[in-house]
Amino acid sequence: VRIFQTNPALYRKQELETSPIVPSLEFHFFLTRHSSLYDSLLFSTFISSRLASWRQNGERRIAEFLATLGIPLAEAKQKWHHMATKSQLALTANIAHAARRFGLEDVRYKSLVRFFDTAALPSASAADVVYAVTALLSDAPSSSSAAASRRFWAAYDALGDDTASLLHGLQAAKDRQYIVIREAASVIERRRLVSNGGFRFAFLRESAFKSRGIAHPSLLTRLGLFLSAALEAPSNSSGQADRRSKPFVVIAPDEARGVWVVVASSSSAEGRGAQGFAGRFRRAAEQTRSRVVCEGFDGNAVEVANGQEVEFIKYLHDMMM
């Protein structure tokens, strides 16, 4: 398995004609092939949550990480495909040493990469496609059946040979991840989160991203997972009294419809089941006559009537006692 494959020239023509999808050892960065190495580190949930890059000295830690890799900062801020080959090779050669030094174990994982016959999109990893398709499925704020159908078919096209749809999804994914990281930084730095016994929660009453559809369940789920990872990371322990793994509840207003979207996310299977956190979350929804929006592997979402959002949290707290 070759490490972080981005160059189809490394393969014989007949290999790619047989299958344009090949094994690759990937990094837990964010859309590196489609942005700069610097941004892919800064906006990676894996990297940012462990290096606390949202803090005042966070970007300095990113710069130190790049220095350990042997990659100049100015070079890392260029688009990946414009970087010097020497710097690209330095990443794959030095990543193991840099990861050990900064406590970034398991930064590499086995995956697949697909090559395309277009200069606008030379390649995309499996994770890149997942980010893009997820963004396309939640791209439009409207919940009408017609809008849902458009989102579905755009995501479906991105899974095939429609590189235009995939590129649109990749850009949408960047926009969404920017919102997640910046909102998470605001929640943590302004101490807008509460650790409430068996779970943590945060109200996004003053979000700077209300106009950009932050109340979407999938976006709030990703935000909750990021906040959990950041708070539970050993490297971020200073000033954090409780680093135990807990579900995270994020509550955001959808002012256009007069409801609050409440999402519970959990990175562990412990909270699932009727007697687990997910079961209690559903019962709190029943008690407040809230509408269940979605139930998934990573999280559950309900819509709570305006004025009932605090009552919902109180019900949930009482059920955890």
# chains A, B, ... in the order shown; residues from 1 in each chain; ligands from 1
call {"tool": "select_by_dssp", "arguments": {"residues": "stretch 54-274 of chain A", "states": "alpha helix (DSSP H)", "output": "ChimeraX atom specification"}}
result
/A:58-69,73-76,85-101,126-137,145-158,163-189,217-232
call {"tool": "closest_residue", "arguments": {"among": "A:Leu204, A:Ile251, A:Ile47, A:Ala285", "to": "A:Ile188", "atoms": "only C-alpha atoms"}}
result
A:Leu204
call {"tool": "atom_distance", "arguments": {"atom1": "atom CA of A:Leu42", "atom2": "atom CA of A:Ile62"}}
result
7.2 Å
call {"tool": "residues_around", "arguments": {"residues": "A:Ala185", "least_positions_apart": "4", "cutoff": "8 Å", "atoms": "only C-alpha atoms", "output": "list in words"}}
result
Trp54, Arg55, Ile181 and Glu189 of chain A
call {"tool": "write_last_selection", "arguments": {"atoms": "all heavy atoms", "output": "short mmCIF file (atom, residue, chain, number, x, y, z; two decimals), in the first residue's frame"}}
result
data_model
loop_
_atom_site.label_atom_id
_atom_site.label_comp_id
_atom_site.auth_asym_id
_atom_site.auth_seq_id
_atom_site.Cartn_x
_atom_site.Cartn_y
_atom_site.Cartn_z
N TRP A 54 -7.42 26.14 17.93
CA TRP A 54 -8.28 27.32 18.04
C TRP A 54 -7.75 28.30 19.10
O TRP A 54 -8.18 29.45 19.15
CB TRP A 54 -9.71 26.90 18.43
CG TRP A 54 -9.77 26.28 19.80
CD1 TRP A 54 -9.89 26.93 21.00
CD2 TRP A 54 -9.68 24.89 20.10
NE1 TRP A 54 -9.88 26.03 22.02
CE2 TRP A 54 -9.77 24.76 21.50
CE3 TRP A 54 -9.55 23.73 19.33
CZ2 TRP A 54 -9.71 23.53 22.14
CZ3 TRP A 54 -9.51 22.52 19.98
CH2 TRP A 54 -9.59 22.42 21.36
N ARG A 55 -6.85 27.85 19.97
CA ARG A 55 -6.33 28.73 21.01
C ARG A 55 -5.35 29.75 20.44
O ARG A 55 -4.93 29.65 19.30
CB ARG A 55 -5.65 27.89 22.11
CG ARG A 55 -6.62 27.06 22.91
CD ARG A 55 -5.91 26.25 23.97
NE ARG A 55 -6.86 25.50 24.79
CZ ARG A 55 -6.54 24.49 25.57
NH1 ARG A 55 -5.29 24.09 25.65
NH2 ARG A 55 -7.47 23.86 26.28
N ILE A 181 -15.35 24.29 13.14
CA ILE A 181 -14.15 24.63 13.90
C ILE A 181 -14.29 25.99 14.58
O ILE A 181 -13.97 26.15 15.77
CB ILE A 181 -12.90 24.61 13.00
CG1 ILE A 181 -12.68 23.22 12.39
CG2 ILE A 181 -11.67 25.04 13.79
CD1 ILE A 181 -12.38 22.12 13.38
N GLU A 189 -13.77 28.71 24.12
CA GLU A 189 -13.07 29.89 24.62
C GLU A 189 -13.98 30.80 25.44
O GLU A 189 -13.54 31.43 26.40
CB GLU A 189 -12.47 30.68 23.46
CG GLU A 189 -11.33 29.95 22.74
CD GLU A 189 -10.15 29.69 23.66
OE1 GLU A 189 -9.45 30.65 24.00
OE2 GLU A 189 -9.94 28.53 24.05
#
call {"tool": "residues_around", "arguments": {"residues": "stretch 154-162 of chain A", "least_positions_apart": "5", "cutoff": "8 Å", "atoms": "only C-alpha atoms", "output": "MDAnalysis selection string"}}
result
chainID A and resid 129 132:134 136:137 169
call {"tool": "write_last_selection", "arguments": {"atoms": "N, CA, C and O atoms", "output": "PDB file, in the first residue's frame"}}
result
ATOM      1  N   VAL A 129     -14.697  11.810  -0.500  1.00  0.00           N
ATOM      2  CA  VAL A 129     -16.018  11.592  -1.091  1.00  0.00           C
ATOM      3  C   VAL A 129     -17.093  11.597  -0.005  1.00  0.00           C
ATOM      4  O   VAL A 129     -18.183  12.165  -0.196  1.00  0.00           O
ATOM      5  N   ALA A 132     -17.798  15.139   0.943  1.00  0.00           N
ATOM      6  CA  ALA A 132     -18.518  15.832  -0.124  1.00  0.00           C
ATOM      7  C   ALA A 132     -19.975  15.403  -0.185  1.00  0.00           C
ATOM      8  O   ALA A 132     -20.884  16.241  -0.273  1.00  0.00           O
ATOM      9  N   VAL A 133     -20.220  14.109  -0.145  1.00  0.00           N
ATOM     10  CA  VAL A 133     -21.586  13.598  -0.241  1.00  0.00           C
ATOM     11  C   VAL A 133     -22.414  14.031   0.970  1.00  0.00           C
ATOM     12  O   VAL A 133     -23.579  14.425   0.831  1.00  0.00           O
ATOM     13  N   THR A 134     -21.817  13.983   2.158  1.00  0.00           N
ATOM     14  CA  THR A 134     -22.524  14.432   3.358  1.00  0.00           C
ATOM     15  C   THR A 134     -22.911  15.893   3.246  1.00  0.00           C
ATOM     16  O   THR A 134     -24.033  16.295   3.619  1.00  0.00           O
ATOM     17  N   LEU A 136     -23.390  17.605   0.453  1.00  0.00           N
ATOM     18  CA  LEU A 136     -24.425  17.756  -0.566  1.00  0.00           C
ATOM     19  C   LEU A 136     -25.800  17.349  -0.039  1.00  0.00           C
ATOM     20  O   LEU A 136     -26.812  17.969  -0.381  1.00  0.00           O
ATOM     21  N   LEU A 137     -25.837  16.331   0.801  1.00  0.00           N
ATOM     22  CA  LEU A 137     -27.114  15.864   1.343  1.00  0.00           C
ATOM     23  C   LEU A 137     -27.748  16.880   2.279  1.00  0.00           C
ATOM     24  O   LEU A 137     -28.951  16.823   2.533  1.00  0.00           O
ATOM     25  N   GLY A 169     -19.486  19.463  -3.915  1.00  0.00           N
ATOM     26  CA  GLY A 169     -19.586  18.881  -2.581  1.00  0.00           C
ATOM     27  C   GLY A 169     -18.346  19.120  -1.740  1.00  0.00           C
ATOM     28  O   GLY A 169     -18.435  19.380  -0.534  1.00  0.00           O
TER      29      GLY A 169
END
call {"tool": "atom_distance", "arguments": {"atom1": "atom CA of A:Pro20", "atom2": "atom CA of A:Val113"}}
result
8.2 Å
call {"tool": "closest_residue", "arguments": {"among": "A:Lys86, A:Lys174, A:Arg61, A:His168", "to": "A:Ser36", "atoms": "only C-alpha atoms"}}
result
A:Lys174
call {"tool": "residues_around", "arguments": {"residues": "A:Leu73", "least_positions_apart": "5", "cutoff": "8 Å", "atoms": "only C-alpha atoms", "output": "PDB file with C-alpha atoms, in the first residue's frame"}}
result
ATOM      1  CA  TYR A  38      -1.789  24.053   6.352  1.00  0.00           C
ATOM      2  CA  ALA A  63       3.701  25.651  12.557  1.00  0.00           C
ATOM      3  CA  LEU A  66       5.130  21.460  10.066  1.00  0.00           C
ATOM      4  CA  ALA A  67       8.695  22.318  11.096  1.00  0.00           C
TER       5      ALA A  67
END
call {"tool": "closest_residue", "arguments": {"among": "A:Val292, A:Leu31, A:Val259, A:Ala252", "to": "A:Lys79", "atoms": "only C-alpha atoms"}}
result
A:Leu31
call {"tool": "residues_around", "arguments": {"residues": "A:Gly198", "least_positions_apart": "4", "cutoff": "9 Å", "atoms": "only C-alpha atoms", "output": "list in words"}}
result
Lys246, Pro247, Phe277, His317, Met320 and Met321 of chain A
call {"tool": "residues_around", "arguments": {"residues": "A:Thr163", "least_positions_apart": "6", "cutoff": "10 Å", "atoms": "only C-alpha atoms", "output": "number ranges by chain"}}
result
A: 116-118, 120-122, 157, 169
call {"tool": "select_by_dssp", "arguments": {"residues": "stretch 105-156 of chain A", "states": "strand (DSSP E or B)", "output": "number ranges by chain"}}
result
A: 108-115, 123-125
call {"tool": "write_last_selection", "arguments": {"atoms": "N, CA and C atoms", "output": "compact mmCIF listing (two decimals), in the first residue's frame"}}
result
# COMPACT_ATOMS: atom_id res chain seq x y z
N ARG A 108 -2.37 7.76 10.76
CA ARG A 108 -2.48 7.11 9.45
C ARG A 108 -3.52 5.99 9.50
N TYR A 109 -4.16 5.75 8.38
CA TYR A 109 -5.13 4.66 8.29
C TYR A 109 -5.21 4.18 6.84
N LYS A 110 -5.58 2.92 6.68
CA LYS A 110 -5.69 2.34 5.35
C LYS A 110 -7.01 2.73 4.71
N SER A 111 -6.95 3.11 3.42
CA SER A 111 -8.16 3.51 2.72
C SER A 111 -7.99 3.28 1.23
N LEU A 112 -8.78 3.98 0.43
CA LEU A 112 -8.72 3.87 -1.02
C LEU A 112 -8.70 5.27 -1.62
N VAL A 113 -8.12 5.38 -2.80
CA VAL A 113 -8.12 6.66 -3.53
C VAL A 113 -8.52 6.38 -4.97
N ARG A 114 -9.30 7.30 -5.53
CA ARG A 114 -9.74 7.17 -6.92
C ARG A 114 -9.10 8.27 -7.74
N PHE A 115 -8.59 7.90 -8.92
CA PHE A 115 -8.01 8.87 -9.84
C PHE A 115 -9.02 9.23 -10.93
N SER A 123 -7.59 13.47 -8.13
CA SER A 123 -7.83 12.31 -7.28
C SER A 123 -8.69 12.70 -6.09
N ALA A 124 -9.30 11.67 -5.46
CA ALA A 124 -10.09 11.88 -4.25
C ALA A 124 -10.05 10.60 -3.44
N SER A 125 -9.86 10.74 -2.14
CA SER A 125 -9.86 9.58 -1.26
C SER A 125 -11.29 9.23 -0.88
